[in-house]
file upload_10.cif (mmCIF, C-alpha atoms and all ligand atoms)
data_data
loop_
_atom_site.label_atom_id
_atom_site.label_comp_id
_atom_site.auth_asym_id
_atom_site.auth_seq_id
_atom_site.Cartn_x
_atom_site.Cartn_y
_atom_site.Cartn_z
CA MET S 1 98.12 144.08 107.37
CA LYS S 2 98.22 143.80 103.61
CA PHE S 3 100.90 142.00 101.60
CA ASN S 4 102.09 145.26 100.09
CA LYS S 5 103.26 146.36 103.56
CA TYR S 6 105.60 143.36 103.90
CA HIS S 7 109.35 143.47 103.46
CA ILE S 8 109.27 141.31 100.40
CA SER S 9 110.37 142.05 96.87
CA PRO S 10 108.18 143.99 94.44
CA GLU S 11 108.29 140.98 92.09
CA LEU S 12 106.62 138.88 94.77
CA LYS S 13 104.07 141.56 95.53
CA ARG S 14 103.17 141.64 91.88
CA SER S 15 102.54 137.90 91.66
CA LEU S 16 100.62 137.93 94.94
CA GLU S 17 98.37 140.57 93.51
CA GLU S 18 97.81 138.56 90.35
CA LEU S 19 96.93 135.53 92.45
CA GLY S 20 94.36 137.62 94.25
CA PHE S 21 96.13 137.26 97.60
CA LYS S 22 95.52 140.58 99.30
CA LYS S 23 96.13 139.91 102.92
CA PRO S 24 97.82 137.00 104.67
CA THR S 25 95.88 134.18 106.31
CA ASP S 26 96.42 133.76 110.07
CA ILE S 27 99.25 131.27 109.69
CA GLN S 28 100.94 133.46 107.07
CA PHE S 29 100.57 136.50 109.27
CA LYS S 30 102.29 134.69 112.13
CA SER S 31 104.98 132.84 110.16
CA ILE S 32 106.20 135.15 107.43
CA PRO S 33 107.87 137.84 109.61
CA GLN S 34 109.53 135.15 111.77
CA ILE S 35 110.89 133.29 108.78
CA LEU S 36 112.09 136.51 107.18
CA SER S 37 114.00 137.31 110.36
CA GLY S 38 115.88 134.01 110.11
CA GLN S 39 114.07 132.05 112.81
CA ASP S 40 113.40 128.34 112.75
CA ILE S 41 109.71 127.74 113.03
CA LEU S 42 107.46 124.95 114.12
CA ALA S 43 103.98 125.64 112.83
CA ILE S 44 100.84 123.66 113.46
CA ALA S 45 97.81 124.82 111.52
CA GLN S 46 94.69 123.16 110.21
CA THR S 47 94.52 122.05 106.65
CA GLY S 48 93.50 124.73 104.17
CA THR S 49 94.89 127.61 106.19
CA GLY S 50 97.50 128.56 103.58
CA LYS S 51 100.64 126.90 104.87
CA THR S 52 102.27 126.61 101.45
CA ALA S 53 102.47 130.35 100.86
CA ALA S 54 103.43 130.79 104.53
CA PHE S 55 106.83 129.31 103.70
CA ALA S 56 106.96 129.95 99.94
CA ILE S 57 106.66 133.73 100.19
CA PRO S 58 109.52 134.32 102.67
CA LEU S 59 111.64 131.60 101.08
CA ILE S 60 111.48 133.16 97.62
CA SER S 61 112.15 136.57 99.08
CA MET S 62 115.21 135.41 101.03
CA LEU S 63 116.57 133.49 98.05
CA GLN S 64 116.25 136.54 95.84
CA GLU S 65 118.29 138.45 98.36
CA LYS S 66 120.90 135.68 98.55
CA LYS S 67 121.25 135.35 94.81
CA ARG S 68 122.30 138.93 94.55
CA TYR S 69 125.58 138.10 96.24
CA GLN S 70 126.02 134.50 95.27
CA GLN S 71 127.04 133.56 91.78
CA GLU S 72 127.36 129.82 92.24
CA GLN S 73 124.26 128.00 91.09
CA HIS S 74 123.15 125.12 93.31
CA VAL S 75 120.14 123.91 95.28
CA LYS S 76 119.74 126.21 98.28
CA ALA S 77 116.40 125.10 99.63
CA VAL S 78 114.80 121.69 99.99
CA VAL S 79 111.11 121.16 100.61
CA MET S 80 110.19 117.68 101.81
CA VAL S 81 106.66 116.50 101.14
CA PRO S 82 104.81 113.22 101.64
CA THR S 83 103.48 112.59 98.11
CA ARG S 84 104.18 113.24 94.45
CA GLU S 85 100.88 115.02 94.02
CA LEU S 86 101.84 117.43 96.74
CA ALA S 87 105.29 117.91 95.27
CA LEU S 88 103.72 119.00 91.99
CA GLN S 89 101.10 121.12 93.68
CA ILE S 90 103.65 122.97 95.79
CA GLN S 91 105.91 123.39 92.79
CA ASP S 92 103.02 125.11 91.02
CA VAL S 93 102.64 127.53 93.92
CA PHE S 94 106.37 128.32 93.88
CA ILE S 95 106.41 128.80 90.12
CA GLU S 96 103.39 131.06 90.28
CA LEU S 97 104.83 133.14 93.12
CA ALA S 98 108.34 133.33 91.68
CA LYS S 99 107.08 134.16 88.19
CA TYR S 100 108.77 137.59 88.06
CA THR S 101 111.94 136.52 89.84
CA SER S 102 114.92 134.44 88.72
CA ILE S 103 114.22 131.77 91.34
CA LYS S 104 113.96 128.30 89.82
CA THR S 105 111.98 125.48 91.38
CA ALA S 106 111.95 121.80 90.49
CA ALA S 107 109.95 118.87 91.79
CA ILE S 108 111.55 115.46 91.63
CA ILE S 109 109.04 112.66 91.54
CA GLY S 110 109.08 108.95 90.95
CA GLY S 111 106.88 107.01 88.59
CA VAL S 112 107.89 109.09 85.59
CA ASP S 113 111.12 109.41 83.58
CA ILE S 114 113.80 110.69 85.93
CA ASP S 115 116.31 111.95 83.33
CA PRO S 116 114.58 115.19 82.35
CA GLN S 117 114.25 115.97 86.04
CA LEU S 118 117.96 115.42 86.62
CA GLN S 119 118.75 117.60 83.61
CA GLU S 120 116.69 120.31 85.20
CA ILE S 121 118.72 120.16 88.41
CA LYS S 122 121.94 120.29 86.44
CA ALA S 123 120.71 123.32 84.54
CA GLY S 124 120.37 125.15 87.84
CA VAL S 125 117.65 124.99 90.43
CA ASP S 126 117.29 126.99 93.64
CA ILE S 127 114.45 125.15 95.31
CA LEU S 128 113.95 121.42 95.18
CA ILE S 129 110.71 119.73 96.20
CA ALA S 130 110.55 115.99 96.75
CA THR S 131 109.60 113.17 99.07
CA PRO S 132 112.27 112.18 101.64
CA GLY S 133 112.81 108.92 99.74
CA ARG S 134 113.61 110.77 96.49
CA ILE S 135 115.91 113.20 98.26
CA MET S 136 117.82 110.30 99.81
CA ASP S 137 118.15 108.83 96.33
CA LEU S 138 119.60 112.04 94.91
CA VAL S 139 122.06 112.34 97.78
CA HIS S 140 123.27 108.78 97.24
CA LYS S 141 123.69 109.42 93.53
CA SER S 142 125.71 112.55 94.40
CA ILE S 143 123.33 114.69 92.41
CA LEU S 144 122.35 116.69 95.43
CA ASN S 145 124.73 117.95 98.09
CA LEU S 146 122.66 118.73 101.13
CA LYS S 147 125.64 120.33 102.89
CA LYS S 148 125.15 123.30 100.62
CA ILE S 149 121.54 124.02 101.49
CA ASP S 150 120.53 127.00 103.58
CA TYR S 151 116.84 126.27 104.01
CA LEU S 152 114.91 123.14 104.83
CA VAL S 153 111.13 122.90 104.83
CA LEU S 154 109.13 119.92 106.04
CA ASP S 155 105.58 120.20 104.85
CA GLU S 156 102.76 117.98 106.09
CA ALA S 157 105.13 116.38 108.57
CA ASP S 158 102.32 114.35 110.14
CA HIS S 159 101.45 112.86 106.80
CA MET S 160 105.12 112.06 106.10
CA LEU S 161 105.33 110.09 109.32
CA ALA S 162 102.07 108.32 108.51
CA LYS S 163 103.61 107.32 105.18
CA GLY S 164 106.57 105.74 106.94
CA PHE S 165 109.20 108.35 106.06
CA TYR S 166 110.50 108.59 109.61
CA ALA S 167 113.64 106.53 108.97
CA ASP S 168 114.43 108.38 105.74
CA ILE S 169 114.16 111.73 107.46
CA GLN S 170 116.32 110.56 110.36
CA LYS S 171 118.98 109.49 107.88
CA LEU S 172 118.74 112.75 105.97
CA ILE S 173 119.40 114.73 109.11
CA THR S 174 122.98 113.40 109.15
CA PHE S 175 123.62 114.92 105.72
CA LEU S 176 122.36 118.37 106.62
CA PRO S 177 124.61 121.30 107.47
CA ARG S 178 124.38 122.47 111.05
CA ARG S 179 123.86 126.06 110.00
CA ARG S 180 120.54 126.25 108.21
CA GLN S 181 117.06 127.57 108.70
CA THR S 182 114.37 124.97 109.21
CA MET S 183 110.63 125.39 108.79
CA PHE S 184 108.50 122.59 110.09
CA PHE S 185 104.81 122.47 109.13
CA SER S 186 102.16 120.04 110.23
CA ALA S 187 98.38 119.97 110.43
CA THR S 188 98.39 117.92 113.62
CA ILE S 189 100.84 117.30 116.45
CA ASN S 190 101.63 114.36 118.69
CA GLU S 191 104.69 113.05 120.57
CA THR S 192 106.42 111.47 117.54
CA ILE S 193 105.94 114.58 115.46
CA LYS S 194 107.28 116.69 118.30
CA ASP S 195 110.35 114.44 118.62
CA LEU S 196 111.05 114.67 114.93
CA ALA S 197 110.53 118.41 114.94
CA TYR S 198 112.91 119.03 117.80
CA ALA S 199 115.56 116.88 116.13
CA LEU S 200 115.46 119.30 113.21
CA VAL S 201 114.76 122.79 114.43
CA SER S 202 116.81 124.89 116.80
CA LYS S 203 115.24 127.38 119.20
CA PRO S 204 112.14 127.53 117.04
CA VAL S 205 109.28 129.94 117.27
CA ARG S 206 106.21 127.82 117.89
CA ILE S 207 103.07 128.81 116.09
CA GLN S 208 99.81 127.01 116.61
CA LEU S 209 96.41 128.03 115.30
CA SER S 210 93.35 127.43 117.50
CA PRO S 211 94.57 124.08 118.81
CA LYS S 212 91.20 123.32 120.36
CA ASP S 213 89.34 123.08 117.09
CA PRO S 214 91.06 121.03 114.41
CA VAL S 215 88.50 122.14 111.80
CA SER S 216 89.23 125.40 110.01
CA LYS S 217 86.81 128.14 110.92
CA ASN S 218 85.91 128.50 107.24
CA VAL S 219 84.18 125.13 107.06
CA ASP S 220 80.54 124.77 107.99
CA HIS S 221 80.01 121.07 108.72
CA ALA S 222 76.99 118.97 109.63
CA VAL S 223 75.77 115.40 109.75
CA ILE S 224 72.55 113.86 108.43
CA TYR S 225 71.21 110.46 109.40
CA VAL S 226 70.65 108.32 106.33
CA GLU S 227 70.20 104.56 105.98
CA MET S 228 73.14 102.87 104.27
CA ASP S 229 71.06 101.80 101.25
CA ASP S 230 69.56 105.26 100.81
CA LYS S 231 72.81 107.18 100.68
CA ARG S 232 72.96 107.22 96.89
CA PHE S 233 69.57 108.92 96.66
CA PHE S 234 70.71 111.66 98.97
CA LEU S 235 73.90 112.13 97.01
CA GLU S 236 71.91 112.28 93.79
CA ARG S 237 69.62 114.92 95.24
CA LEU S 238 72.46 117.02 96.59
CA ILE S 239 74.30 116.97 93.29
CA LYS S 240 71.19 117.78 91.29
CA GLU S 241 70.31 120.63 93.59
CA HIS S 242 73.80 122.08 93.16
CA PRO S 243 74.61 121.40 89.52
CA GLU S 244 77.45 123.88 89.17
CA THR S 245 79.11 123.02 92.44
CA LYS S 246 82.47 121.32 92.76
CA MET S 247 82.13 118.46 95.20
CA MET S 248 84.39 115.87 96.71
CA VAL S 249 82.67 112.70 97.83
CA PHE S 250 84.52 110.46 100.23
CA VAL S 251 83.90 106.73 100.50
CA ARG S 252 85.47 104.02 102.62
CA THR S 253 86.93 101.72 99.95
CA LYS S 254 88.05 101.62 96.33
CA VAL S 255 85.24 99.21 95.52
CA ARG S 256 82.69 101.55 96.98
CA ALA S 257 84.14 104.45 95.01
CA GLU S 258 83.46 102.60 91.78
CA ARG S 259 80.06 101.48 92.98
CA VAL S 260 78.94 104.99 93.87
CA ALA S 261 80.24 106.24 90.50
CA LYS S 262 78.12 103.56 88.77
CA ALA S 263 75.06 104.50 90.79
CA MET S 264 75.48 108.13 89.75
CA GLU S 265 76.02 107.13 86.15
CA ARG S 266 72.65 105.39 86.23
CA VAL S 267 70.99 108.69 87.06
CA ALA S 268 72.96 110.60 84.43
CA ILE S 269 75.42 112.25 86.81
CA ALA S 270 79.00 112.36 85.56
CA THR S 271 81.65 111.72 88.18
CA ALA S 272 85.25 110.56 88.32
CA THR S 273 86.99 108.41 90.88
CA ILE S 274 90.42 108.61 92.46
CA HIS S 275 91.92 105.85 94.59
CA GLY S 276 94.94 103.66 95.12
CA ASP S 277 94.10 101.18 92.36
CA LYS S 278 94.47 103.80 89.67
CA GLU S 279 97.65 104.40 87.73
CA GLN S 280 99.60 107.50 88.74
CA GLN S 281 99.01 109.18 85.38
CA ASP S 282 95.27 108.50 85.65
CA ARG S 283 95.24 110.13 89.06
CA PHE S 284 97.03 113.21 87.76
CA ASP S 285 94.61 113.43 84.83
CA VAL S 286 91.53 113.10 87.00
CA LEU S 287 92.83 115.76 89.38
CA ASP S 288 93.57 118.10 86.48
CA ASP S 289 90.07 117.62 85.08
CA PHE S 290 88.63 118.31 88.50
CA ARG S 291 90.82 121.40 88.88
CA ILE S 292 89.69 122.94 85.61
CA GLY S 293 86.09 121.99 86.34
CA LYS S 294 85.67 119.46 83.55
CA ILE S 295 84.65 117.10 86.31
CA LYS S 296 82.34 118.51 88.94
CA VAL S 297 82.08 115.53 91.28
CA LEU S 298 85.13 113.61 92.40
CA ILE S 299 84.69 110.39 94.38
CA ALA S 300 87.72 109.61 96.50
CA THR S 301 89.13 107.37 99.19
CA ASP S 302 91.15 108.79 102.06
CA VAL S 303 94.64 107.88 100.90
CA SER S 304 94.32 109.48 97.51
CA SER S 305 93.42 112.93 98.69
CA ARG S 306 95.41 114.15 101.64
CA GLY S 307 96.86 117.60 101.32
CA ILE S 308 95.39 118.01 97.85
CA ASP S 309 94.44 121.59 97.18
CA VAL S 310 91.80 122.14 94.52
CA LYS S 311 90.38 125.59 94.08
CA GLY S 312 86.69 126.12 94.53
CA VAL S 313 85.63 122.84 96.13
CA ASP S 314 82.44 124.12 97.72
CA TYR S 315 81.20 120.88 99.14
CA VAL S 316 82.66 117.82 100.80
CA ILE S 317 80.35 114.88 101.23
CA ASN S 318 81.30 112.10 103.58
CA TYR S 319 79.31 109.43 101.85
CA ASP S 320 80.82 107.05 104.37
CA LEU S 321 82.29 108.20 107.63
CA PRO S 322 86.06 107.70 107.79
CA ASP S 323 87.41 104.73 109.74
CA VAL S 324 89.99 106.92 111.42
CA ALA S 325 88.58 109.94 113.25
CA GLU S 326 91.47 112.18 112.25
CA ASN S 327 90.66 111.69 108.57
CA TYR S 328 87.39 113.51 109.10
CA VAL S 329 89.43 116.67 109.52
CA HIS S 330 91.59 115.97 106.47
CA ARG S 331 88.57 115.26 104.32
CA ILE S 332 86.49 118.28 105.17
CA GLY S 333 89.64 120.37 104.95
CA ARG S 334 89.39 120.01 101.16
CA THR S 335 86.86 122.83 101.25
CA GLY S 336 86.89 126.28 102.86
CA ARG S 337 90.51 126.81 101.87
CA GLY S 338 92.48 130.01 102.17
CA VAL S 339 89.99 132.81 102.51
CA SER S 340 87.03 130.99 100.96
CA ARG S 341 84.23 129.24 102.82
CA GLY S 342 83.00 125.69 102.40
CA LYS S 343 80.35 123.21 103.44
CA ALA S 344 80.68 119.61 104.52
CA ILE S 345 77.92 117.06 105.02
CA SER S 346 78.36 113.59 106.45
CA PHE S 347 75.94 110.74 105.80
CA CYS S 348 75.72 108.69 108.96
CA SER S 349 73.91 105.36 108.96
CA GLU S 350 72.82 103.40 112.02
CA GLU S 351 75.94 101.22 111.90
CA GLU S 352 78.22 104.25 111.71
CA LYS S 353 76.99 105.95 114.86
CA THR S 354 79.89 104.63 116.93
CA ILE S 355 82.37 106.11 114.44
CA LEU S 356 80.53 109.39 114.61
CA ALA S 357 80.93 109.38 118.38
CA GLU S 358 84.68 108.76 117.99
CA ILE S 359 84.97 111.64 115.56
CA GLU S 360 83.17 113.95 117.93
CA THR S 361 85.49 112.90 120.75
CA TYR S 362 88.45 113.67 118.51
CA LEU S 363 87.02 117.07 117.64
CA THR S 364 86.10 117.62 121.29
CA ASN S 365 82.82 119.01 119.95
CA PRO S 366 79.56 117.55 118.70
CA ILE S 367 78.87 117.97 114.99
CA LYS S 368 75.75 119.89 114.08
CA THR S 369 72.85 117.66 112.97
CA MET S 370 70.73 118.52 109.96
CA GLU S 371 67.25 117.23 110.71
CA ILE S 372 65.36 115.72 107.81
CA ARG S 373 61.61 115.36 108.17
CA HIS S 374 60.14 111.99 107.33
CA THR S 375 58.32 113.39 104.30
CA GLU S 376 61.50 114.96 103.02
CA TYR S 377 63.34 111.68 103.41
CA GLU S 378 60.66 109.81 101.45
CA GLU S 379 60.60 112.50 98.82
CA THR S 380 64.35 112.14 98.29
CA LEU S 381 63.91 108.46 97.48
CA ALA S 382 60.87 109.09 95.31
CA ILE S 383 62.43 111.71 93.06
CA SER S 384 65.45 109.59 92.30
CA GLU S 385 65.72 108.52 88.70
CA ASP S 386 67.00 105.21 89.95
CA ASN S 387 64.06 104.40 92.14
CA PRO S 388 62.55 101.12 90.98
CA HIS S 389 59.33 101.81 92.85
CA ASP S 390 58.29 104.94 91.13
CA TRP S 391 55.96 104.52 88.20
CA LYS S 392 57.91 106.72 85.80
CA SER S 393 61.01 104.60 85.83
CA LEU S 394 58.95 101.42 85.81
CA LEU S 395 57.37 102.58 82.59
CA LYS S 396 60.71 103.62 81.14
CA GLU S 397 62.21 100.27 82.04
CA ALA S 398 59.30 98.43 80.50
CA ALA S 399 59.79 100.36 77.31
CA GLN S 400 63.52 99.67 77.20
CA GLU S 401 63.43 96.06 78.24
CA PRO S 402 62.76 94.43 74.86
CA LEU S 403 65.33 96.69 73.26
CA LYS S 404 68.04 95.67 75.69
CA LYS S 405 67.27 92.01 75.18
CA ARG S 406 67.48 92.38 71.45
CA LYS S 407 70.87 94.09 71.75
CA LYS S 408 72.34 91.25 73.76
CA LYS S 409 71.77 88.72 70.97
P1 LIG D 1 97.38 124.15 103.65
O1 LIG D 1 98.74 123.75 103.18
O2 LIG D 1 97.41 124.90 104.94
O3 LIG D 1 96.42 123.00 103.68
P2 LIG D 1 97.33 125.61 101.15
O4 LIG D 1 98.66 126.21 101.26
O5 LIG D 1 97.20 124.46 100.23
O6 LIG D 1 96.78 125.19 102.59
O7 LIG D 1 96.32 126.79 100.77
C1 LIG D 1 94.93 126.60 100.69
C2 LIG D 1 94.30 127.52 99.66
O8 LIG D 1 94.29 128.86 100.13
C3 LIG D 1 94.99 127.56 98.32
O9 LIG D 1 94.02 127.40 97.31
C4 LIG D 1 95.62 128.92 98.25
O10 LIG D 1 95.65 129.39 96.92
C5 LIG D 1 94.71 129.76 99.12
N1 LIG D 1 95.40 130.86 99.79
C6 LIG D 1 96.53 130.78 100.52
N2 LIG D 1 96.89 131.96 101.02
C7 LIG D 1 95.96 132.86 100.62
C8 LIG D 1 95.76 134.28 100.83
N3 LIG D 1 96.61 134.98 101.56
N4 LIG D 1 94.67 134.83 100.25
C9 LIG D 1 93.82 134.10 99.51
N5 LIG D 1 93.94 132.77 99.29
C10 LIG D 1 94.99 132.14 99.83
MG MG D 2 99.66 122.00 102.77
#
call {"tool": "encode", "arguments": {"input": "upload_10.cif", "output": "structure tokens", "more": "lines below"}}
Ligand code: ADP
Ligand code: MG
result
Amino acid sequence: MKFNKYHISPELKRSLEELGFKKPTDIQFKSIPQILSGQDILAIAQTGTGKTAAFAIPLISMLQEKKRYQQEQHVKAVVMVPTRELALQIQDVFIELAKYTSIKTAAIIGGVDIDPQLQEIKAGVDILIATPGRIMDLVHKSILNLKKIDYLVLDEADHMLAKGFYADIQKLITFLPRRRQTMFFSATINETIKDLAYALVSKPVRIQLSPKDPVSKNVDHAVIYVEMDDKRFFLERLIKEHPETKMMVFVRTKVRAERVAKAMERVAIATATIHGDKEQQDRFDVLDDFRIGKIKVLIATDVSSRGIDVKGVDYVINYDLPDVAENYVHRIGRTGRGVSRGKAISFCSEEEKTILAEIETYLTNPIKTMEIRHTEYEETLAISEDNPHDWKSLLKEAAQEPLKKRKKK
């Protein structure tokens, strides 16, 4: 089934075509007709499967229809998301899709001047995207009247709960009109998520994609055994062998992110880091540079990257294995998104083997191992430009040494 066969407006079909979306992904195929028919839905689908458009397409279409009969301008749909980055990212998708329609979307985020955002709402917005905390704020300030909304979307519900938004959402429920259509999206499901979902949806259609395998079928993932101290050489080699490839490299801590970046800098590889210690604006800038390809290698910690959708990330490297098994899925889900394919490689050291076992239990499947022959392993260390034991760099160092000393004085 192609998008042009759907009962959606020609304006939407036109923007879908421009985006290069020809046919729906599995989750879109299952959700869009249900949403268009007015059903509440509860959808569980792996990261990268195209959940945003799964609700954005029908939502825009239904709002276009509604606006034909409704003159009054007010917020008709609210999309709740766990982070500001996601709010902006989803807003971009809505703006892109609604380009040829009169549907207006705004994202309300903290950390930046709120006034222009409020002006925007006053000027007339149909769809509002924000974190539950922000939405609560707007309701209290009487800027937003939730009783008037027709559609509610919860995106990345699991992540919202992990970020401690449970209480906020519970409170928000009391402000919502009884008659509304609710779309609940999550990458994973457990009892708490189910409880929250059933407090919000009514007689929902449940959609779940291949529940047995939490990794999207578009991601080819494997593990290689590397000693902790040798990881940087393997990263160097991988990057140098794939110079034009967009890669995300995951590390365990902020300190390690900076350390790996330094190690790469020493071998003339440009990278950027993203983690919780960075200012919000810095994080936006780094992501933008990565999006447009100015930065090819982004080194990240877990928190800073969930749900982030960057086009054309071909490789995910787990430089360190994640502490929490579930994060393995979120990390490698940064590649192989939509209809594209991706690769993920995890560096596992001796001391990380227990974590690897936990991840495999979580996945209910062993991860493929990429064997490295002893000679290949040694070669990887030897070709590094940062290898103090190879004669070339020893010579180079010797030549630079007096110069450096002179500079210091
Ligand atoms: P999820 O929310 O499930 O993690 P996203 O909504 O962020 O996934 O979509 C992942 C990627 O897939 C995005 O880059 C998006 O542009 C792309 N995508 C979504 N739907 C389609 C489609 N029907 N055809 C091609 N690409 C798509
Ligand atoms: Mg998403």
call {"tool": "residues_around", "arguments": {"input": "upload_10.cif", "residues": "Asp26 of chain S", "least_positions_apart": "6", "cutoff": "12 Å", "atoms": "all atoms listed in the file", "output": "ChimeraX atom specification"}}
result
/S:1,32,43-46,48-51,53-54,207-210,216-217,338-339
call {"tool": "closest_atom_pairs", "arguments": {"input": "upload_10.cif", "of": "chain S", "to": "ligand MG 2 (chain D)", "cutoff": "8 Å", "atoms": "only C-alpha atoms and all ligand atoms", "output": "tab-separated table"}}
result
residue	atom	partner	partner_atom	distance
S:Thr47	CA	D:MG2	MG	6.4
S:Gly48	CA	D:MG2	MG	6.9
S:Gly50	CA	D:MG2	MG	7.0
S:Lys51	CA	D:MG2	MG	5.4
S:Thr52	CA	D:MG2	MG	5.5
S:Leu86	CA	D:MG2	MG	7.9
S:Asp155	CA	D:MG2	MG	6.5
S:Glu156	CA	D:MG2	MG	6.1
S:Gly307	CA	D:MG2	MG	5.4
S:Ile308	CA	D:MG2	MG	7.6
S:Asp309	CA	D:MG2	MG	7.7
call {"tool": "residues_around", "arguments": {"input": "upload_10.cif", "residues": "segment 346-360 of chain S", "least_positions_apart": "4", "cutoff": "12 Å", "atoms": "only C-alpha atoms", "output": "JSON, numbers by chain"}}
result
{"S": [213, 214, 215, 220, 221, 222, 223, 224, 225, 226, 227, 228, 229, 230, 231, 232, 233, 234, 235, 238, 248, 249, 250, 251, 252, 315, 316, 317, 318, 319, 320, 321, 322, 323, 324, 325, 326, 327, 328, 329, 331, 332, 364, 365, 366, 367, 368, 369, 370, 371, 372]}
call {"tool": "closest_residue", "arguments": {"input": "upload_10.cif", "among": "S:Ala56, S:Ala77, S:Ile193, S:Leu12", "to": "Ile169 of chain S", "atoms": "all atoms listed in the file"}}
result
S:Ile193
call {"tool": "residues_around", "arguments": {"input": "upload_10.cif", "residues": "Arg180 of chain S", "least_positions_apart": "6", "cutoff": "9 Å", "atoms": "only C-alpha atoms", "output": "PyMOL selection string"}}
result
chain S and resi 40+149-152
call {"tool": "atom_distance", "arguments": {"input": "upload_10.cif", "atom1": "atom CA of Thr131 of chain S", "atom2": "atom CA of Gln281 of chain S"}}
result
17.8 Å
call {"tool": "closest_residue", "arguments": {"input": "upload_10.cif", "among": "S:Arg178, S:Lys22, S:Arg14, S:Lys246", "to": "ligand LIG 1 (chain D)", "atoms": "all atoms listed in the file"}}
result
S:Lys22
call {"tool": "decode", "arguments": {"input": "upload_10.cif", "residues": "segment 39-92 of chain S", "atoms": "C-alpha atoms", "output": "CSV table (one decimal), in the first residue's frame"}}
result
chain,number,residue,atom,x,y,z
S,39,GLN,CA,-10.0,5.0,17.4
S,40,ASP,CA,-7.8,5.4,20.5
S,41,ILE,CA,-4.6,3.5,20.0
S,42,LEU,CA,-1.9,2.0,22.2
S,43,ALA,CA,1.1,1.4,20.0
S,44,ILE,CA,4.3,-0.3,21.0
S,45,ALA,CA,7.0,-0.3,18.4
S,46,GLN,CA,10.8,-0.3,18.4
S,47,THR,CA,12.7,2.8,18.1
S,48,GLY,CA,13.3,4.0,14.6
S,49,THR,CA,10.2,2.4,13.2
S,50,GLY,CA,8.6,5.7,12.2
S,51,LYS,CA,6.2,6.4,15.1
S,52,THR,CA,6.3,10.2,14.6
S,53,ALA,CA,4.7,10.1,11.2
S,54,ALA,CA,2.4,7.3,12.4
S,55,PHE,CA,0.5,9.9,14.4
S,56,ALA,CA,1.5,13.1,12.6
S,57,ILE,CA,0.0,12.1,9.2
S,58,PRO,CA,-3.5,11.2,10.5
S,59,LEU,CA,-3.5,14.1,13.0
S,60,ILE,CA,-2.8,16.7,10.3
S,61,SER,CA,-5.3,15.1,8.0
S,62,MET,CA,-8.1,15.1,10.7
S,63,LEU,CA,-7.3,18.7,11.7
S,64,GLN,CA,-7.5,19.9,8.2
S,65,GLU,CA,-10.9,18.3,8.0
S,66,LYS,CA,-12.0,19.9,11.3
S,67,LYS,CA,-10.7,23.4,10.4
S,68,ARG,CA,-13.1,23.4,7.5
S,69,TYR,CA,-16.0,23.7,9.8
S,70,GLN,CA,-14.5,25.4,12.8
S,71,GLN,CA,-13.6,29.0,12.7
S,72,GLU,CA,-12.5,29.5,16.3
S,73,GLN,CA,-8.7,29.3,16.5
S,74,HIS,CA,-7.4,27.4,19.5
S,75,VAL,CA,-5.1,24.5,20.3
S,76,LYS,CA,-6.8,21.3,19.2
S,77,ALA,CA,-4.1,18.7,19.7
S,78,VAL,CA,-1.4,18.3,22.3
S,79,VAL,CA,1.6,16.1,21.9
S,80,MET,CA,3.4,15.2,25.1
S,81,VAL,CA,7.1,14.3,24.8
S,82,PRO,CA,9.9,13.6,27.3
S,83,THR,CA,12.5,16.1,26.2
S,84,ARG,CA,13.0,19.5,24.6
S,85,GLU,CA,15.1,18.0,21.9
S,86,LEU,CA,12.3,15.7,21.0
S,87,ALA,CA,9.8,18.5,21.1
S,88,LEU,CA,11.8,20.4,18.5
S,89,GLN,CA,12.4,17.3,16.4
S,90,ILE,CA,8.8,16.4,16.3
S,91,GLN,CA,7.8,20.0,15.6
S,92,ASP,CA,10.1,19.8,12.5
